[in-house]
>>> print(open('work-v3.txt').read())   # compact mmCIF, N, CA and C atoms
# COMPACT_ATOMS: atom_id res chain seq x y z
N MET S 156 -29.20 -8.46 73.98
CA MET S 156 -30.31 -8.22 73.09
C MET S 156 -31.49 -9.13 73.41
N ALA S 157 -31.36 -10.01 74.39
CA ALA S 157 -32.43 -10.95 74.70
C ALA S 157 -33.60 -10.24 75.37
N GLU S 158 -34.78 -10.80 75.19
CA GLU S 158 -35.99 -10.30 75.82
C GLU S 158 -35.88 -10.57 77.32
N LYS S 159 -35.90 -9.54 78.15
CA LYS S 159 -35.63 -9.68 79.58
C LYS S 159 -36.82 -10.23 80.37
N THR S 160 -38.02 -10.22 79.81
CA THR S 160 -39.18 -10.69 80.55
C THR S 160 -39.25 -12.22 80.60
N ILE S 161 -38.53 -12.89 79.73
CA ILE S 161 -38.55 -14.35 79.70
C ILE S 161 -37.13 -14.84 79.99
N PRO S 162 -36.87 -15.27 81.23
CA PRO S 162 -35.50 -15.63 81.57
C PRO S 162 -35.02 -16.90 80.86
N TYR S 163 -35.89 -17.88 80.68
CA TYR S 163 -35.49 -19.14 80.06
C TYR S 163 -36.59 -19.66 79.15
N VAL S 164 -36.18 -20.41 78.15
CA VAL S 164 -37.13 -21.04 77.25
C VAL S 164 -37.21 -22.51 77.66
N LYS S 165 -38.41 -22.98 77.97
CA LYS S 165 -38.58 -24.36 78.40
C LYS S 165 -38.70 -25.28 77.19
N MET S 166 -38.02 -26.41 77.27
CA MET S 166 -38.05 -27.40 76.20
C MET S 166 -38.68 -28.68 76.72
N LYS S 167 -39.23 -29.45 75.81
CA LYS S 167 -39.79 -30.75 76.18
C LYS S 167 -38.75 -31.82 75.90
N PRO S 168 -38.56 -32.76 76.84
CA PRO S 168 -37.59 -33.83 76.61
C PRO S 168 -37.99 -34.65 75.38
N THR S 169 -37.00 -35.19 74.67
CA THR S 169 -37.26 -35.95 73.46
C THR S 169 -37.64 -37.40 73.75
N ASN S 170 -37.32 -37.89 74.96
CA ASN S 170 -37.71 -39.26 75.29
C ASN S 170 -39.00 -39.27 76.10
N LYS S 171 -39.50 -40.45 76.39
CA LYS S 171 -40.79 -40.58 77.07
C LYS S 171 -40.69 -40.37 78.57
N GLN S 172 -39.51 -40.47 79.14
CA GLN S 172 -39.34 -40.29 80.58
C GLN S 172 -39.33 -38.81 80.92
N ASP S 173 -40.04 -38.46 81.99
CA ASP S 173 -40.05 -37.08 82.45
C ASP S 173 -39.13 -36.99 83.66
N LEU S 174 -37.88 -36.60 83.41
CA LEU S 174 -36.90 -36.53 84.48
C LEU S 174 -36.78 -35.14 85.09
N GLY S 175 -37.47 -34.16 84.50
CA GLY S 175 -37.41 -32.80 85.00
C GLY S 175 -37.49 -31.81 83.85
N ASN S 176 -37.28 -30.54 84.17
CA ASN S 176 -37.37 -29.47 83.18
C ASN S 176 -36.04 -29.26 82.48
N ILE S 177 -36.14 -28.85 81.25
CA ILE S 177 -34.97 -28.40 80.48
C ILE S 177 -35.24 -26.96 80.11
N GLU S 178 -34.36 -26.07 80.52
CA GLU S 178 -34.53 -24.65 80.25
C GLU S 178 -33.26 -24.11 79.58
N VAL S 179 -33.46 -23.29 78.57
CA VAL S 179 -32.35 -22.70 77.83
C VAL S 179 -32.44 -21.19 77.94
N ALA S 180 -31.33 -20.56 78.30
CA ALA S 180 -31.28 -19.10 78.39
C ALA S 180 -31.39 -18.50 77.00
N PRO S 181 -32.09 -17.37 76.86
CA PRO S 181 -32.20 -16.72 75.55
C PRO S 181 -30.84 -16.39 74.93
N GLU S 182 -29.85 -16.10 75.77
CA GLU S 182 -28.50 -15.80 75.28
C GLU S 182 -27.91 -17.00 74.54
N VAL S 183 -28.23 -18.21 74.99
CA VAL S 183 -27.74 -19.42 74.33
C VAL S 183 -28.35 -19.52 72.93
N LEU S 184 -29.63 -19.24 72.81
CA LEU S 184 -30.29 -19.26 71.50
C LEU S 184 -29.67 -18.21 70.58
N GLU S 185 -29.34 -17.05 71.12
CA GLU S 185 -28.71 -15.99 70.33
C GLU S 185 -27.35 -16.41 69.82
N ILE S 186 -26.57 -17.07 70.67
CA ILE S 186 -25.24 -17.53 70.26
C ILE S 186 -25.36 -18.58 69.16
N ILE S 187 -26.27 -19.53 69.32
CA ILE S 187 -26.46 -20.57 68.31
C ILE S 187 -26.86 -19.94 66.98
N ALA S 188 -27.81 -19.02 67.01
CA ALA S 188 -28.29 -18.38 65.77
C ALA S 188 -27.20 -17.53 65.13
N SER S 189 -26.43 -16.82 65.94
CA SER S 189 -25.38 -15.95 65.42
C SER S 189 -24.28 -16.76 64.72
N ILE S 190 -23.86 -17.84 65.33
CA ILE S 190 -22.83 -18.68 64.72
C ILE S 190 -23.36 -19.33 63.44
N ALA S 191 -24.60 -19.79 63.47
CA ALA S 191 -25.20 -20.40 62.28
C ALA S 191 -25.28 -19.40 61.13
N ALA S 192 -25.66 -18.17 61.42
CA ALA S 192 -25.78 -17.15 60.37
C ALA S 192 -24.41 -16.75 59.83
N SER S 193 -23.41 -16.62 60.72
CA SER S 193 -22.10 -16.20 60.24
C SER S 193 -21.39 -17.25 59.42
N ASP S 194 -21.84 -18.50 59.50
CA ASP S 194 -21.25 -19.57 58.70
C ASP S 194 -21.71 -19.55 57.24
N ILE S 195 -22.71 -18.75 56.92
CA ILE S 195 -23.23 -18.70 55.55
C ILE S 195 -22.27 -17.91 54.67
N GLU S 196 -21.98 -18.46 53.49
CA GLU S 196 -21.11 -17.76 52.54
C GLU S 196 -21.81 -16.48 52.08
N GLY S 197 -21.10 -15.38 52.13
CA GLY S 197 -21.67 -14.09 51.76
C GLY S 197 -21.92 -13.19 52.95
N VAL S 198 -21.96 -13.75 54.16
CA VAL S 198 -22.16 -12.94 55.36
C VAL S 198 -20.79 -12.44 55.81
N ALA S 199 -20.61 -11.12 55.80
CA ALA S 199 -19.33 -10.52 56.18
C ALA S 199 -19.18 -10.46 57.69
N SER S 200 -20.24 -10.04 58.37
CA SER S 200 -20.20 -9.93 59.83
C SER S 200 -21.61 -9.79 60.37
N MET S 201 -21.70 -9.95 61.67
CA MET S 201 -22.96 -9.75 62.35
C MET S 201 -22.92 -8.36 62.98
N ARG S 202 -24.06 -7.66 62.95
CA ARG S 202 -24.11 -6.32 63.50
C ARG S 202 -24.24 -6.38 65.01
N GLY S 203 -23.35 -5.70 65.68
CA GLY S 203 -23.43 -5.64 67.14
C GLY S 203 -23.80 -4.24 67.58
N ASN S 204 -23.71 -4.01 68.86
CA ASN S 204 -23.95 -2.68 69.39
C ASN S 204 -22.62 -2.08 69.85
N PHE S 205 -22.66 -0.90 70.39
CA PHE S 205 -21.45 -0.22 70.82
C PHE S 205 -20.68 -1.03 71.85
N ALA S 206 -21.40 -1.60 72.81
CA ALA S 206 -20.75 -2.36 73.88
C ALA S 206 -20.03 -3.59 73.34
N SER S 207 -20.67 -4.31 72.42
CA SER S 207 -20.01 -5.50 71.88
C SER S 207 -18.80 -5.11 71.04
N GLY S 208 -18.86 -3.95 70.38
CA GLY S 208 -17.71 -3.46 69.61
C GLY S 208 -16.52 -3.15 70.50
N VAL S 209 -16.77 -2.53 71.65
CA VAL S 209 -15.70 -2.22 72.60
C VAL S 209 -15.10 -3.51 73.15
N VAL S 210 -15.95 -4.46 73.50
CA VAL S 210 -15.47 -5.73 74.04
C VAL S 210 -14.61 -6.46 73.02
N GLU S 211 -15.01 -6.45 71.75
CA GLU S 211 -14.22 -7.12 70.71
C GLU S 211 -12.88 -6.43 70.50
N ARG S 212 -12.85 -5.11 70.63
CA ARG S 212 -11.57 -4.39 70.49
C ARG S 212 -10.61 -4.73 71.63
N LEU S 213 -11.16 -5.14 72.75
CA LEU S 213 -10.33 -5.55 73.88
C LEU S 213 -9.89 -7.01 73.76
N GLY S 214 -10.32 -7.68 72.69
CA GLY S 214 -9.83 -9.02 72.43
C GLY S 214 -10.78 -10.16 72.71
N LYS S 215 -11.97 -9.88 73.18
CA LYS S 215 -12.93 -10.96 73.47
C LYS S 215 -13.93 -11.07 72.33
N LYS S 216 -14.20 -12.29 71.91
CA LYS S 216 -15.16 -12.54 70.83
C LYS S 216 -16.57 -12.55 71.41
N VAL S 217 -17.48 -11.81 70.79
CA VAL S 217 -18.88 -11.76 71.21
C VAL S 217 -19.67 -12.61 70.22
N HIS S 218 -20.10 -13.80 70.66
CA HIS S 218 -20.73 -14.75 69.75
C HIS S 218 -22.21 -14.48 69.49
N GLY S 219 -22.90 -13.83 70.41
CA GLY S 219 -24.34 -13.65 70.25
C GLY S 219 -24.75 -12.35 69.60
N LYS S 220 -23.78 -11.59 69.08
CA LYS S 220 -24.14 -10.28 68.55
C LYS S 220 -24.90 -10.41 67.24
N GLY S 221 -25.78 -9.44 67.01
CA GLY S 221 -26.53 -9.42 65.76
C GLY S 221 -27.78 -10.27 65.77
N VAL S 222 -28.17 -10.80 66.92
CA VAL S 222 -29.36 -11.65 67.00
C VAL S 222 -30.22 -11.22 68.17
N LYS S 223 -31.52 -11.16 67.94
CA LYS S 223 -32.49 -10.86 69.00
C LYS S 223 -33.51 -11.99 69.01
N THR S 224 -33.80 -12.50 70.19
CA THR S 224 -34.79 -13.57 70.31
C THR S 224 -36.00 -13.05 71.08
N GLU S 225 -37.15 -13.57 70.73
CA GLU S 225 -38.38 -13.22 71.44
C GLU S 225 -39.29 -14.43 71.43
N LEU S 226 -39.78 -14.78 72.61
CA LEU S 226 -40.72 -15.88 72.72
C LEU S 226 -42.11 -15.30 72.92
N ALA S 227 -42.95 -15.45 71.91
CA ALA S 227 -44.32 -14.95 71.96
C ALA S 227 -45.26 -16.14 72.11
N ALA S 228 -46.55 -15.85 72.20
CA ALA S 228 -47.55 -16.91 72.35
C ALA S 228 -47.55 -17.86 71.16
N ASP S 229 -47.25 -17.34 69.96
CA ASP S 229 -47.29 -18.18 68.77
C ASP S 229 -45.95 -18.80 68.41
N GLY S 230 -44.92 -18.65 69.25
CA GLY S 230 -43.66 -19.33 69.01
C GLY S 230 -42.44 -18.44 69.15
N LEU S 231 -41.30 -19.03 68.85
CA LEU S 231 -40.01 -18.35 68.96
C LEU S 231 -39.75 -17.54 67.71
N MET S 232 -39.42 -16.26 67.89
CA MET S 232 -39.11 -15.38 66.77
C MET S 232 -37.66 -14.93 66.89
N ILE S 233 -36.94 -15.01 65.79
CA ILE S 233 -35.53 -14.65 65.75
C ILE S 233 -35.35 -13.51 64.76
N ASP S 234 -34.63 -12.48 65.16
CA ASP S 234 -34.23 -11.39 64.26
C ASP S 234 -32.73 -11.43 64.13
N VAL S 235 -32.24 -11.52 62.88
CA VAL S 235 -30.81 -11.59 62.59
C VAL S 235 -30.42 -10.31 61.87
N TYR S 236 -29.41 -9.61 62.38
CA TYR S 236 -28.92 -8.36 61.80
C TYR S 236 -27.50 -8.61 61.31
N CYS S 237 -27.27 -8.49 59.99
CA CYS S 237 -25.96 -8.81 59.46
C CYS S 237 -25.54 -7.89 58.33
N VAL S 238 -24.25 -7.91 58.05
CA VAL S 238 -23.63 -7.19 56.94
C VAL S 238 -23.19 -8.26 55.95
N ILE S 239 -23.51 -8.04 54.67
CA ILE S 239 -23.13 -9.05 53.67
C ILE S 239 -22.07 -8.50 52.73
N ASN S 240 -21.41 -9.40 52.05
CA ASN S 240 -20.36 -9.02 51.10
C ASN S 240 -20.97 -8.44 49.84
N TYR S 241 -20.28 -7.48 49.25
CA TYR S 241 -20.71 -6.87 47.99
C TYR S 241 -20.69 -7.93 46.89
N GLY S 242 -21.74 -7.95 46.08
CA GLY S 242 -21.79 -8.83 44.93
C GLY S 242 -22.58 -10.11 45.12
N VAL S 243 -22.93 -10.43 46.35
CA VAL S 243 -23.72 -11.64 46.57
C VAL S 243 -25.20 -11.33 46.41
N SER S 244 -25.98 -12.33 46.11
CA SER S 244 -27.42 -12.16 45.97
C SER S 244 -28.04 -12.02 47.36
N ILE S 245 -28.65 -10.87 47.61
CA ILE S 245 -29.24 -10.63 48.93
C ILE S 245 -30.39 -11.60 49.21
N PRO S 246 -31.35 -11.81 48.28
CA PRO S 246 -32.44 -12.75 48.58
C PRO S 246 -31.95 -14.18 48.83
N GLN S 247 -31.00 -14.65 48.04
CA GLN S 247 -30.50 -16.02 48.23
C GLN S 247 -29.74 -16.15 49.54
N THR S 248 -28.92 -15.16 49.85
CA THR S 248 -28.16 -15.20 51.10
C THR S 248 -29.09 -15.14 52.31
N ALA S 249 -30.08 -14.27 52.25
CA ALA S 249 -31.04 -14.15 53.36
C ALA S 249 -31.82 -15.45 53.55
N GLN S 250 -32.19 -16.10 52.46
CA GLN S 250 -32.92 -17.36 52.57
C GLN S 250 -32.03 -18.45 53.17
N LYS S 251 -30.76 -18.47 52.78
CA LYS S 251 -29.82 -19.45 53.36
C LYS S 251 -29.66 -19.21 54.86
N ILE S 252 -29.61 -17.92 55.26
CA ILE S 252 -29.50 -17.59 56.68
C ILE S 252 -30.73 -18.11 57.42
N GLN S 253 -31.93 -17.86 56.87
CA GLN S 253 -33.16 -18.32 57.51
C GLN S 253 -33.16 -19.84 57.67
N GLU S 254 -32.81 -20.55 56.61
CA GLU S 254 -32.82 -22.02 56.66
C GLU S 254 -31.80 -22.55 57.65
N GLN S 255 -30.59 -21.97 57.62
CA GLN S 255 -29.51 -22.44 58.50
C GLN S 255 -29.83 -22.19 59.97
N VAL S 256 -30.33 -21.00 60.28
CA VAL S 256 -30.66 -20.67 61.67
C VAL S 256 -31.79 -21.57 62.17
N ARG S 257 -32.83 -21.72 61.37
CA ARG S 257 -33.96 -22.57 61.76
C ARG S 257 -33.52 -24.01 61.99
N GLN S 258 -32.74 -24.55 61.06
CA GLN S 258 -32.30 -25.94 61.15
C GLN S 258 -31.35 -26.16 62.34
N THR S 259 -30.43 -25.24 62.55
CA THR S 259 -29.47 -25.38 63.64
C THR S 259 -30.16 -25.30 64.99
N LEU S 260 -31.08 -24.35 65.15
CA LEU S 260 -31.81 -24.26 66.42
C LEU S 260 -32.65 -25.51 66.67
N GLU S 261 -33.27 -26.03 65.62
CA GLU S 261 -34.09 -27.24 65.79
C GLU S 261 -33.22 -28.44 66.14
N ASN S 262 -32.07 -28.57 65.49
CA ASN S 262 -31.18 -29.70 65.77
C ASN S 262 -30.60 -29.65 67.19
N MET S 263 -30.23 -28.45 67.62
CA MET S 263 -29.56 -28.34 68.91
C MET S 263 -30.51 -28.24 70.10
N THR S 264 -31.72 -27.71 69.89
CA THR S 264 -32.61 -27.47 71.04
C THR S 264 -33.99 -28.12 70.91
N SER S 265 -34.31 -28.65 69.75
CA SER S 265 -35.64 -29.21 69.45
C SER S 265 -36.74 -28.15 69.50
N LEU S 266 -36.37 -26.88 69.43
CA LEU S 266 -37.34 -25.79 69.42
C LEU S 266 -37.71 -25.44 67.99
N GLN S 267 -39.01 -25.24 67.77
CA GLN S 267 -39.50 -24.81 66.46
C GLN S 267 -39.53 -23.28 66.42
N THR S 268 -39.02 -22.70 65.36
CA THR S 268 -39.07 -21.25 65.22
C THR S 268 -40.28 -20.85 64.40
N GLN S 269 -40.97 -19.83 64.87
CA GLN S 269 -42.12 -19.30 64.15
C GLN S 269 -41.65 -18.43 62.99
N GLU S 270 -40.66 -17.57 63.27
CA GLU S 270 -40.12 -16.65 62.26
C GLU S 270 -38.62 -16.53 62.43
N VAL S 271 -37.92 -16.41 61.30
CA VAL S 271 -36.51 -16.00 61.29
C VAL S 271 -36.45 -14.81 60.34
N ASN S 272 -36.37 -13.62 60.90
CA ASN S 272 -36.34 -12.39 60.11
C ASN S 272 -34.90 -11.95 59.92
N VAL S 273 -34.51 -11.69 58.67
CA VAL S 273 -33.14 -11.29 58.35
C VAL S 273 -33.15 -9.81 57.99
N HIS S 274 -32.30 -9.04 58.67
CA HIS S 274 -32.16 -7.61 58.43
C HIS S 274 -30.75 -7.35 57.91
N ILE S 275 -30.64 -6.94 56.66
CA ILE S 275 -29.33 -6.61 56.09
C ILE S 275 -29.04 -5.15 56.46
N THR S 276 -28.02 -4.95 57.28
CA THR S 276 -27.74 -3.61 57.80
C THR S 276 -26.59 -2.92 57.07
N GLY S 277 -25.94 -3.64 56.15
CA GLY S 277 -24.83 -3.01 55.44
C GLY S 277 -24.22 -3.94 54.41
N ILE S 278 -23.35 -3.35 53.60
CA ILE S 278 -22.62 -4.08 52.57
C ILE S 278 -21.14 -3.92 52.86
N GLN S 279 -20.41 -5.02 52.83
CA GLN S 279 -18.96 -5.00 53.03
C GLN S 279 -18.29 -5.04 51.66
N PHE S 280 -17.55 -3.98 51.34
CA PHE S 280 -16.83 -3.92 50.08
C PHE S 280 -15.46 -4.56 50.25
N GLU S 281 -14.81 -4.88 49.13
CA GLU S 281 -13.45 -5.39 49.19
C GLU S 281 -12.55 -4.33 49.80
N SER S 282 -11.37 -4.74 50.23
CA SER S 282 -10.46 -3.78 50.86
C SER S 282 -10.06 -2.70 49.87
N GLN S 283 -9.70 -1.55 50.38
CA GLN S 283 -9.36 -0.40 49.55
C GLN S 283 -8.18 -0.69 48.63
N GLN S 284 -7.27 -1.57 49.02
CA GLN S 284 -6.11 -1.89 48.21
C GLN S 284 -6.52 -2.57 46.91
N ASN S 285 -7.53 -3.43 46.96
CA ASN S 285 -7.99 -4.15 45.77
C ASN S 285 -8.79 -3.27 44.82
N ILE S 286 -9.39 -2.20 45.34
CA ILE S 286 -10.23 -1.32 44.50
C ILE S 286 -9.36 -0.42 43.63
N ASP S 287 -8.24 0.06 44.17
CA ASP S 287 -7.36 0.98 43.42
C ASP S 287 -6.72 0.27 42.32
>>> encode(input="work-v3.txt", output="structure tokens")
Amino acid sequence: MAEKTIPYVKMKPTNKQDLGNIEVAPEVLEIIASIAASDIEGVASMRGNFASGVVERLGKKVHGKGVKTELAADGLMIDVYCVINYGVSIPQTAQKIQEQVRQTLENMTSLQTQEVNVHITGIQFESQQNID
């Protein structure tokens, strides 16, 4: 889901010495954001695509699913696509996702995010056994 025109995101070193470039692949940012979002209480799952669904059925965990990154002139933009549990507050959960993703990316990469957009793509109900 990464933007293919930008292979890496360049970061500035945190110390005063310039020892070289630090570049992070967009896929790494997607994985960080996806794990941060899925850790929020109320998030049932991250929305993936058909390919990630097939890969997960074969037993491999896809960590970057449900996240799209884009580096524009005005900064890094993150789109998070997730399914939430029935009964949770959508605005509160979405705000927690935004705060968690922004904070985690800043802590791990020192990158500032311009936007963290949350897209709720579905509601996860309790299992059918509990409803009957």
>>> atom_distance(input="work-v3.txt", atom1="atom C of Thr248 (chain S)", atom2="CA of Glu270 (chain S)")
14.9 Å
>>> atom_distance(input="work-v3.txt", atom1="atom N of Ile233 (chain S)", atom2="CA of Asn262 (chain S)")
15.8 Å
>>> residues_around(input="work-v3.txt", residues="Gly197 (chain S)", least_positions_apart="2", cutoff="5 Å", atoms="all atoms listed in the file", output="PyMOL selection string")
chain S and resi 195+199+239-240
>>> residues_around(input="work-v3.txt", residues="region 186-193 of chain S", least_positions_apart="5", cutoff="6.5 Å", atoms="all atoms listed in the file", output="number ranges by chain")
S: 181, 198, 200-201, 218-222, 252, 255-256, 260
>>> closest_residue(input="work-v3.txt", among="S:Gln267, S:Gln247, S:Gln253, S:Thr276", to="Asp229 (chain S)", atoms="only C-alpha atoms")
S:Gln267
>>> atom_distance(input="work-v3.txt", atom1="atom C of Thr259 (chain S)", atom2="CA of Leu184 (chain S)")
8.9 Å
